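Source file data_7.cif; content: mmCIF, C-alpha atoms.
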data_input
#
loop_
_atom_site.label_atom_id
_atom_site.label_comp_id
_atom_site.auth_asym_id
_atom_site.auth_seq_id
_atom_site.Cartn_x
_atom_site.Cartn_y
_atom_site.Cartn_z
CA MET A 1 -46.79 11.01 46.10
CA ARG A 2 -49.26 10.84 43.26
CA ALA A 3 -51.85 8.20 42.50
CA SER A 4 -50.69 4.63 42.86
CA ILE A 5 -50.52 1.93 40.23
CA TYR A 6 -50.81 -1.70 41.26
CA TYR A 7 -49.46 -4.88 39.71
CA GLY A 8 -49.51 -8.44 40.95
CA THR A 9 -50.69 -11.85 39.81
CA ALA A 10 -47.95 -13.75 38.07
CA ALA A 11 -45.74 -10.71 38.00
CA LEU A 12 -46.66 -8.69 34.90
CA ALA A 13 -49.70 -10.61 33.76
CA THR A 14 -52.40 -8.77 35.69
CA LEU A 15 -53.61 -5.71 33.86
CA ALA A 16 -56.54 -6.84 31.73
CA CYS A 17 -57.97 -9.74 29.81
CA ALA A 18 -57.31 -9.16 26.12
CA SER A 19 -54.27 -8.96 23.91
CA PRO A 20 -53.60 -5.85 21.81
CA THR A 21 -53.89 -7.66 18.49
CA SER A 22 -56.31 -10.20 17.12
CA SER A 23 -53.86 -13.09 17.25
CA LEU A 24 -50.67 -13.82 19.12
CA SER A 25 -50.42 -17.46 18.11
CA PRO A 26 -49.07 -17.64 14.54
CA PRO A 27 -47.89 -20.97 13.16
CA TYR A 28 -44.18 -21.58 13.05
CA HIS A 29 -42.54 -21.93 9.66
CA GLU A 30 -38.98 -23.10 9.29
CA ARG A 31 -36.52 -20.71 7.70
CA ASN A 32 -32.82 -21.28 7.22
CA GLU A 33 -30.82 -18.26 6.15
CA HIS A 34 -27.30 -17.04 6.69
CA LYS A 35 -26.72 -13.31 6.59
CA GLY A 36 -23.42 -11.52 6.47
CA GLY A 37 -22.13 -8.93 8.93
CA SER A 38 -20.90 -9.16 12.49
CA TYR A 39 -24.04 -7.96 14.27
CA TRP A 40 -26.61 -9.58 11.99
CA GLU A 41 -25.03 -12.88 11.10
CA GLY A 42 -27.96 -15.32 10.93
CA ASP A 43 -28.65 -18.89 11.97
CA SER A 44 -31.64 -21.20 11.81
CA PHE A 45 -34.68 -19.53 13.41
CA LYS A 46 -38.41 -19.99 13.45
CA ASP A 47 -40.09 -17.42 11.23
CA LEU A 48 -42.76 -15.50 13.14
CA SER A 49 -43.39 -12.85 10.49
CA PRO A 50 -45.52 -10.79 10.24
CA TYR A 51 -45.45 -10.82 14.05
CA LEU A 52 -41.76 -9.94 14.06
CA PRO A 53 -41.08 -6.91 11.87
CA ASP A 54 -38.25 -6.09 9.49
CA GLY A 55 -37.21 -9.66 8.82
CA LEU A 56 -36.32 -10.38 12.43
CA PRO A 57 -34.75 -12.45 13.80
CA THR A 58 -32.59 -12.62 10.64
CA PRO A 59 -33.00 -9.31 8.76
CA SER A 60 -31.03 -8.51 5.64
CA ILE A 61 -28.34 -5.85 5.65
CA GLU A 62 -30.78 -3.54 3.87
CA GLN A 63 -33.36 -4.11 6.59
CA ILE A 64 -30.73 -3.49 9.27
CA ASN A 65 -29.91 -0.16 7.64
CA GLU A 66 -33.59 0.80 7.68
CA ILE A 67 -33.91 -0.18 11.35
CA GLN A 68 -30.83 1.88 12.24
CA SER A 69 -32.25 4.89 10.42
CA ARG A 70 -35.50 4.67 12.42
CA ALA A 71 -33.57 4.11 15.67
CA HIS A 72 -31.49 7.27 15.12
CA GLY A 73 -28.27 5.28 15.48
CA THR A 74 -26.34 2.17 14.56
CA LEU A 75 -25.32 -1.09 16.07
CA PRO A 76 -21.86 -0.74 17.66
CA ASN A 77 -19.05 -1.28 15.15
CA THR A 78 -16.55 -2.14 17.88
CA THR A 79 -15.29 -5.66 18.53
CA LEU A 80 -17.93 -7.96 19.96
CA PRO A 81 -17.31 -9.20 23.52
CA SER A 82 -15.84 -12.69 23.33
CA GLN A 83 -14.62 -15.45 25.62
CA LEU A 84 -17.33 -14.58 28.11
CA SER A 85 -17.89 -16.58 31.28
CA ASN A 86 -20.97 -18.76 31.61
CA ASP A 87 -22.55 -16.01 33.71
CA GLY A 88 -21.76 -13.44 31.03
CA ILE A 89 -23.34 -15.63 28.37
CA THR A 90 -26.43 -16.07 30.55
CA ASN A 91 -26.67 -12.28 30.81
CA PHE A 92 -26.88 -11.92 27.04
CA LYS A 93 -29.29 -14.84 26.74
CA LEU A 94 -31.65 -13.04 29.11
CA ILE A 95 -31.18 -9.75 27.27
CA ALA A 96 -32.02 -11.40 23.94
CA PHE A 97 -35.06 -13.14 25.47
CA ASN A 98 -36.36 -9.86 26.86
CA GLU A 99 -35.59 -7.74 23.80
CA LEU A 100 -37.41 -10.13 21.45
CA PHE A 101 -40.43 -9.90 23.74
CA GLU A 102 -40.24 -6.09 23.65
CA VAL A 103 -39.96 -6.08 19.85
CA VAL A 104 -43.22 -7.99 19.52
CA PHE A 105 -44.94 -5.86 22.16
CA PHE A 106 -44.05 -2.50 20.61
CA PHE A 107 -44.71 -3.75 17.08
CA GLU A 108 -48.21 -4.84 18.02
CA LEU A 109 -48.83 -1.63 19.98
CA LEU A 110 -47.81 0.40 16.94
CA GLN A 111 -50.11 -1.66 14.72
CA ASN A 112 -53.05 -1.09 17.05
CA ILE A 113 -52.50 2.67 17.15
CA THR A 114 -51.86 2.91 13.41
CA ASN A 115 -55.04 0.97 12.64
CA ASN A 116 -57.16 2.82 15.24
CA VAL A 117 -58.14 -0.39 17.01
CA ASP A 118 -60.81 0.16 19.67
CA GLY A 119 -59.12 1.51 22.78
CA TYR A 120 -56.09 2.75 20.85
CA GLU A 121 -57.51 5.92 19.27
CA LEU A 122 -55.31 8.82 20.40
CA GLY A 123 -56.71 11.92 18.73
CA GLU A 124 -54.32 14.85 18.42
CA ALA A 125 -51.50 13.06 20.25
CA ARG A 126 -51.46 10.19 17.76
CA ASP A 127 -48.69 11.37 15.41
CA GLU A 128 -46.29 12.31 18.20
CA ILE A 129 -46.84 9.02 20.02
CA LEU A 130 -46.38 7.04 16.81
CA GLU A 131 -43.09 8.83 16.17
CA ASP A 132 -41.76 7.99 19.64
CA LEU A 133 -42.92 4.37 19.56
CA THR A 134 -41.47 3.87 16.07
CA ILE A 135 -38.06 4.88 17.41
CA ILE A 136 -38.46 2.67 20.49
CA LEU A 137 -39.38 -0.34 18.36
CA ALA A 138 -36.30 0.13 16.19
CA VAL A 139 -34.11 0.54 19.28
CA GLU A 140 -35.39 -2.73 20.74
CA GLU A 141 -34.78 -4.49 17.43
CA LEU A 142 -31.15 -3.38 17.54
CA HIS A 143 -30.84 -4.45 21.18
CA ALA A 144 -32.13 -7.92 20.28
CA LEU A 145 -29.86 -8.23 17.26
CA GLY A 146 -26.86 -7.07 19.26
CA ALA A 147 -27.43 -9.53 22.12
CA ASN A 148 -27.80 -12.48 19.77
CA ALA A 149 -24.73 -11.40 17.79
CA ILE A 150 -22.69 -11.50 21.00
CA LEU A 151 -24.01 -14.99 21.74
CA ARG A 152 -22.93 -16.17 18.29
CA GLU A 153 -19.51 -14.59 18.78
CA ASN A 154 -19.18 -16.77 21.87
CA GLY A 155 -20.19 -19.95 20.06
CA VAL A 156 -23.68 -20.02 21.56
CA ASP A 157 -26.95 -20.47 19.70
CA PRO A 158 -29.02 -17.27 19.53
CA ILE A 159 -32.19 -17.05 21.60
CA GLU A 160 -35.27 -17.53 19.43
CA PRO A 161 -38.56 -15.63 19.76
CA CYS A 162 -41.60 -17.00 21.55
CA ARG A 163 -45.29 -16.28 21.27
CA TYR A 164 -46.71 -13.89 23.83
CA ASN A 165 -49.97 -13.00 25.53
CA PHE A 166 -50.09 -9.35 26.53
CA PRO A 167 -52.94 -8.89 29.03
CA VAL A 168 -53.99 -5.41 27.95
CA SER A 169 -57.00 -4.15 26.03
CA ASP A 170 -56.32 -0.45 25.46
CA TYR A 171 -53.57 2.13 25.04
CA LYS A 172 -53.53 3.22 28.68
CA ALA A 173 -53.06 -0.34 29.94
CA ALA A 174 -50.42 -1.01 27.28
CA ILE A 175 -48.34 1.99 28.37
CA THR A 176 -48.74 0.98 32.02
CA LEU A 177 -47.45 -2.49 31.17
CA ALA A 178 -44.57 -1.02 29.13
CA ALA A 179 -43.58 1.18 32.07
CA THR A 180 -43.65 -1.78 34.44
CA PHE A 181 -41.54 -4.16 32.37
CA THR A 182 -39.10 -1.34 31.64
CA ASP A 183 -38.70 -0.80 35.39
CA VAL A 184 -38.13 -4.53 35.81
CA VAL A 185 -35.49 -4.53 33.07
CA LEU A 186 -33.73 -1.51 34.59
CA GLY A 187 -33.33 -3.49 37.80
CA ALA A 188 -32.08 -6.63 36.04
CA LEU A 189 -29.49 -4.74 33.98
CA GLN A 190 -27.97 -3.48 37.23
CA ASP A 191 -27.59 -7.10 38.31
CA MET A 192 -25.93 -8.01 35.02
CA ASN A 193 -23.40 -5.20 35.27
CA ASP A 194 -22.60 -6.32 38.80
CA ILE A 195 -22.07 -9.89 37.56
CA PHE A 196 -19.80 -8.72 34.74
CA ALA A 197 -17.78 -6.70 37.24
CA GLN A 198 -17.45 -9.60 39.67
CA ASN A 199 -16.12 -11.77 36.83
CA ALA A 200 -13.70 -9.05 35.68
CA GLU A 201 -15.50 -8.86 32.32
CA ASN A 202 -15.14 -5.14 31.80
CA GLY A 203 -15.95 -5.08 28.10
CA PRO A 204 -19.74 -5.45 28.27
CA VAL A 205 -20.20 -3.01 31.18
CA ARG A 206 -19.97 0.11 29.02
CA LEU A 207 -22.35 -1.42 26.48
CA ILE A 208 -24.92 -2.44 29.09
CA SER A 209 -24.65 0.95 30.80
CA SER A 210 -25.58 2.62 27.52
CA VAL A 211 -28.64 0.38 27.30
CA ILE A 212 -29.61 1.28 30.88
CA GLY A 213 -29.54 4.94 29.89
CA ASN A 214 -31.68 4.28 26.84
CA GLU A 215 -34.24 2.29 28.83
CA GLY A 216 -34.36 5.14 31.34
CA GLU A 217 -35.17 7.56 28.51
CA GLN A 218 -38.00 5.26 27.42
CA GLU A 219 -39.31 5.00 30.96
CA SER A 220 -39.43 8.80 31.20
CA LEU A 221 -41.69 8.88 28.13
CA PHE A 222 -44.02 6.29 29.63
CA ARG A 223 -44.17 8.23 32.90
CA ILE A 224 -44.97 11.49 31.09
CA ILE A 225 -47.76 9.76 29.15
CA GLN A 226 -49.17 8.55 32.49
CA LYS A 227 -48.92 12.12 33.87
CA LYS A 228 -46.39 11.12 36.51
CA THR A 229 -43.31 12.99 37.62
CA THR A 230 -40.43 12.18 35.28
CA PRO A 231 -38.10 10.77 37.98
CA ALA A 232 -39.61 8.00 40.08
CA GLN A 233 -36.93 7.86 42.78
CA PRO A 234 -33.31 8.96 43.28
CA PHE A 235 -31.91 5.41 43.07
CA LEU A 236 -33.89 3.02 40.89
CA THR A 237 -35.01 -0.27 42.38
CA THR A 238 -32.53 -3.06 41.87
CA SER A 239 -33.48 -6.58 40.92
CA THR A 240 -32.03 -9.90 39.80
CA ARG A 241 -31.93 -11.82 36.56
CA GLU A 242 -34.22 -14.46 38.06
CA PHE A 243 -36.93 -11.95 38.97
CA ALA A 244 -36.85 -10.42 35.48
CA PHE A 245 -36.87 -13.82 33.77
CA THR A 246 -39.85 -14.90 35.85
CA ALA A 247 -41.73 -11.66 35.18
CA VAL A 248 -41.29 -11.72 31.40
CA ASN A 249 -41.97 -15.45 31.28
CA SER A 250 -45.43 -14.74 32.72
CA LEU A 251 -46.30 -13.13 29.36
CA VAL A 252 -45.05 -16.05 27.26
CA VAL A 253 -47.45 -18.58 25.73
CA PRO A 254 -46.43 -21.84 27.45
CA GLY A 255 -44.49 -24.17 25.21
CA SER A 256 -43.95 -21.56 22.48
CA CYS A 257 -40.25 -20.81 23.09
CA PRO A 258 -37.98 -23.00 20.91
CA ASN A 259 -34.92 -22.75 23.15
CA ILE A 260 -35.92 -21.11 26.43
CA GLY A 261 -34.44 -24.14 28.16
CA GLU A 262 -30.99 -22.85 27.24
CA ILE A 263 -31.41 -19.94 29.67
CA PRO A 264 -30.17 -21.39 32.99
CA LEU A 265 -32.23 -19.18 35.29
CA GLN A 266 -34.88 -20.15 37.81
CA ILE A 267 -38.55 -19.32 37.23
CA PHE A 268 -40.37 -18.80 40.54
CA LYS A 269 -43.92 -19.73 41.44
CA PRO A 270 -46.38 -16.80 41.07
CA LEU A 271 -47.04 -14.41 43.95
CA ASN A 272 -50.34 -12.56 43.53
CA VAL A 273 -50.88 -9.05 44.88
CA LEU A 274 -54.61 -8.99 45.58
CA THR A 275 -55.11 -5.49 46.99
CA GLN A 276 -56.28 -2.93 44.45
CA ASP A 277 -55.47 0.79 44.32
CA ILE A 278 -52.49 0.68 46.65
CA GLY A 279 -51.69 4.19 47.85
CA PRO A 280 -48.60 5.80 49.36
CA MET A 281 -49.89 5.50 52.91
CA THR A 282 -48.94 2.63 55.16
CA LYS A 283 -51.46 -0.04 54.32
CA GLU A 284 -52.17 -3.70 54.82
CA ILE A 285 -51.84 -5.53 51.52
CA GLN A 286 -53.31 -8.91 50.63
CA PHE A 287 -51.24 -11.54 48.82
CA SER A 288 -51.89 -15.10 47.68
CA PHE A 289 -50.03 -18.02 46.20
CA SER A 290 -50.94 -21.49 44.99
CA LEU A 291 -50.00 -24.52 47.05
CA GLN A 292 -50.30 -26.89 44.12
CA ASP A 293 -47.10 -28.80 43.38
CA VAL A 294 -45.38 -27.02 46.28
CA ASP A 295 -44.20 -28.55 49.54
CA VAL A 296 -43.63 -25.72 52.02
CA ASP A 297 -43.92 -25.19 55.75
CA LEU A 298 -46.34 -22.26 56.01
CA ASP A 299 -44.99 -21.44 59.47
CA ALA A 300 -41.49 -20.89 58.09
CA LEU A 301 -42.06 -18.30 55.36
CA SER A 302 -41.27 -14.60 55.05
CA LEU A 303 -42.44 -11.76 52.83
CA VAL A 304 -39.55 -9.70 51.49
CA LEU A 305 -39.82 -6.23 49.93
CA ILE A 306 -37.11 -4.80 47.68
CA ASN A 307 -37.14 -1.10 46.84
CA ALA A 308 -34.50 1.31 45.53
CA GLN A 309 -30.95 0.42 46.62
CA ASN A 310 -31.93 -0.34 50.20
CA LYS A 311 -31.59 -3.48 52.24
CA PRO A 312 -34.56 -5.80 51.74
CA ILE A 313 -37.30 -5.56 54.35
CA VAL A 314 -38.31 -8.92 55.83
CA LYS A 315 -41.67 -9.71 57.44
CA LYS A 316 -42.62 -13.09 58.83
CA LEU A 317 -45.80 -14.45 57.27
CA GLU A 318 -48.58 -14.58 59.84
CA ASN A 319 -52.29 -15.41 59.90
CA ILE A 320 -52.12 -17.39 56.67
CA GLU A 321 -55.53 -18.59 55.50
CA VAL A 322 -55.64 -21.74 53.38
CA ASP A 323 -58.43 -22.59 50.95
CA HIS A 324 -57.97 -26.35 50.87
CA ASP A 325 -60.58 -26.80 48.14
CA HIS A 326 -58.59 -24.68 45.69
CA GLY A 327 -55.12 -25.10 47.16
CA VAL A 328 -54.56 -21.37 47.69
CA ALA A 329 -52.90 -19.59 50.62
CA THR A 330 -53.80 -15.97 51.41
CA PHE A 331 -52.11 -13.61 53.84
CA ALA A 332 -51.90 -9.90 54.67
CA ALA A 333 -48.87 -7.76 55.43
CA ASP A 334 -48.31 -4.18 56.55
CA CYS A 335 -45.91 -2.82 53.94
CA ALA A 336 -45.15 0.49 55.70
CA PHE A 337 -44.80 2.60 52.55
CA ASN A 338 -44.66 5.89 54.47
CA GLU A 339 -41.94 4.65 56.77
CA SER A 340 -39.72 3.33 53.99
CA LEU A 341 -40.57 5.83 51.22
CA PHE A 342 -41.40 3.11 48.73
CA TYR A 343 -41.65 5.30 45.65
CA GLY A 344 -41.39 3.67 42.23
CA LEU A 345 -41.20 -0.09 41.81
CA THR A 346 -41.17 -2.51 44.73
CA PHE A 347 -40.49 -6.22 44.26
CA THR A 348 -42.16 -8.59 46.72
CA ALA A 349 -41.28 -12.24 47.24
CA VAL A 350 -42.18 -15.05 49.61
CA THR A 351 -39.05 -16.81 50.80
CA HIS A 352 -37.86 -19.50 53.11
CA SER A 353 -37.78 -17.85 56.50
CA ALA A 354 -34.92 -15.48 57.20
CA SER A 355 -34.48 -12.51 59.48
CA PHE A 356 -32.07 -10.68 57.19
CA PHE A 357 -31.12 -10.50 53.52
CA LYS A 358 -28.12 -8.44 52.49
CA ASP A 359 -29.36 -7.69 48.95
CA ALA A 360 -31.72 -8.69 46.13
CA GLY A 361 -29.45 -11.52 45.01
CA ASP A 362 -29.57 -12.98 48.49
CA VAL A 363 -33.38 -12.81 48.37
CA ALA A 364 -33.55 -14.60 45.01
CA LYS A 365 -31.60 -17.55 46.40
CA LYS A 366 -34.34 -18.14 48.99
CA THR A 367 -37.40 -17.16 46.92
CA ILE A 368 -40.26 -19.60 46.42
CA PHE A 369 -43.03 -17.28 45.15
CA GLY A 370 -42.55 -14.00 43.28
CA PRO A 371 -42.05 -11.41 42.20
CA GLY A 372 -45.19 -9.50 43.01
CA LEU A 373 -44.82 -5.98 41.61
CA ILE A 374 -46.11 -2.77 43.20
CA GLU A 375 -45.63 0.75 41.81
CA ILE A 376 -46.32 3.92 43.80
CA ASP A 377 -45.91 7.51 42.53
#
Whole structure, structure tokens version:
Amino acid sequence: MRASIYYGTAALATLACASPTSSLSPPYHERNEHKGGSYWEGDSFKDLSPYLPDGLPTPSIEQINEIQSRAHGTLPNTTLPSQLSNDGITNFKLIAFNELFEVVFFFELLQNITNNVDGYELGEARDEILEDLTIILAVEELHALGANAILRENGVDPIEPCRYNFPVSDYKAAITLAATFTDVVLGALQDMNDIFAQNAENGPVRLISSVIGNEGEQESLFRIIQKKTTPAQPFLTTSTREFAFTAVNSLVVPGSCPNIGEIPLQIFKPLNVLTQDIGPMTKEIQFSFSLQDVDVDLDALSLVLINAQNKPIVKKLENIEVDHDHGVATFAADCAFNESLFYGLTFTAVTHSASFFKDAGDVAKKTIFGPGLIEID
């Protein structure tokens, strides 16, 4: 294994203390437009430009053509999936929510590199990185447009963009964050395909599988930039929609999402990974969670670790220390990385006590705090 990378506190929001642009809190301005075309038919959105590029969330056909040119491909011209189940609609709501977040992230990252903002000067690698990130931004724009088009086809209001706070202050931290949320998305898309299959909704599976492949290509770029091996593990870590929704929501400015309430997924309480510089060796790791607004029996909790496609590992929480003045509980756990070969991303969650969970979905049903995220390479 190579050097480890650690993530914790409120899922993704733990890398640094500054956002990559000077402002992430633009005022909302109403805009009502209706565009033609199956994949870019518009509705009433809040206008976040210039923070959303290319006229998103309701670009013109000309802007769509420009995006497709930069993305090296087009939106699918096949029939949009229709008559989806409620679960299928929730899948595309989460996809749209995540893709809009990624559009803003990569747009701001590109702006910082282009403008040589402190911490984002790249020297000789600048042009090549800008080329790759320009393609990635366009790809994420198409993913967002496609997901919202499918929602409209099913008579559902499109998901609108939020404002975001990206806790990074330089290029290295930004790429680390991008790699982490891409890993999280790769796990959630597995869950969505499984849900489509269980509901006999075969149509979207091929589409989502193509997106999984694309996200994997992006993740390879981020790993190369970080000087990691290109493959992280033979079977990527699975996840659930709820874990992904919670993780991305940790980067959202509270109260800034016009219709986040239409996404019927649970948001868990934060689980903080306190230990720094986690290595591949078996090691005791410190965690904490807030007891404010939570009524739990501390003697009936478990820590669960999810890695690769393996059965979740369950450890009973022991020796919990409570700071009553601040309402914070702290505990340590031996995560046995050598024993379990926890390469790549590991999700951690504190759950109602259980001795066995059959899969990640089973864990999510019992989760109180999480996910804490740990990456080892």
Open item on the list: Which residue is closest to Ile320 of chain A? Choose from A:Ile150, A:Phe289, A:Leu341, A:Asn116 and count only C-alpha atoms.
Closed with: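 Ranked by minimum distance to Ile320 of chain A, first place goes to A:Phe289.
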Output the residue selection produced by the PyMOL selection byres ((chain A and resi 88-93) around 7) on the file above, formatted as a CSV table (one decimal) with C-alpha atoms, in the coordinates of the input.
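Contents of the output file expr_24.csv:
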chain,number,residue,atom,x,y,z
A,84,LEU,CA,-17.3,-14.6,28.1
A,85,SER,CA,-17.9,-16.6,31.3
A,86,ASN,CA,-21.0,-18.8,31.6
A,87,ASP,CA,-22.6,-16.0,33.7
A,94,LEU,CA,-31.6,-13.0,29.1
A,95,ILE,CA,-31.2,-9.8,27.3
A,96,ALA,CA,-32.0,-11.4,23.9
A,97,PHE,CA,-35.1,-13.1,25.5
A,147,ALA,CA,-27.4,-9.5,22.1
A,151,LEU,CA,-24.0,-15.0,21.7
A,159,ILE,CA,-32.2,-17.0,21.6
A,192,MET,CA,-25.9,-8.0,35.0
A,196,PHE,CA,-19.8,-8.7,34.7
A,263,ILE,CA,-31.4,-19.9,29.7
A,264,PRO,CA,-30.2,-21.4,33.0
TODO: Grab the atom CA of Lys365 of chain A to atom CA of Glu284 of chain A distance for me, in Å with one decimal place.
DONE: 26.2 Å
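Atom CA of Phe243 of chain A is found 26.8 Å from atom CA of Glu153 of chain A.
Pairwise distance (atom CA of Glu131 of chain A, atom CA of Ile64 of chain A) equals 18.8 Å.
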- [ ] List the residues selected by the PyMOL selection byres ((chain A and resi 354) around 10) in the file shown, writing them as a ChimeraX atom specification.
- [x] /A:300-304,314-316,351-353,355-357,363,366
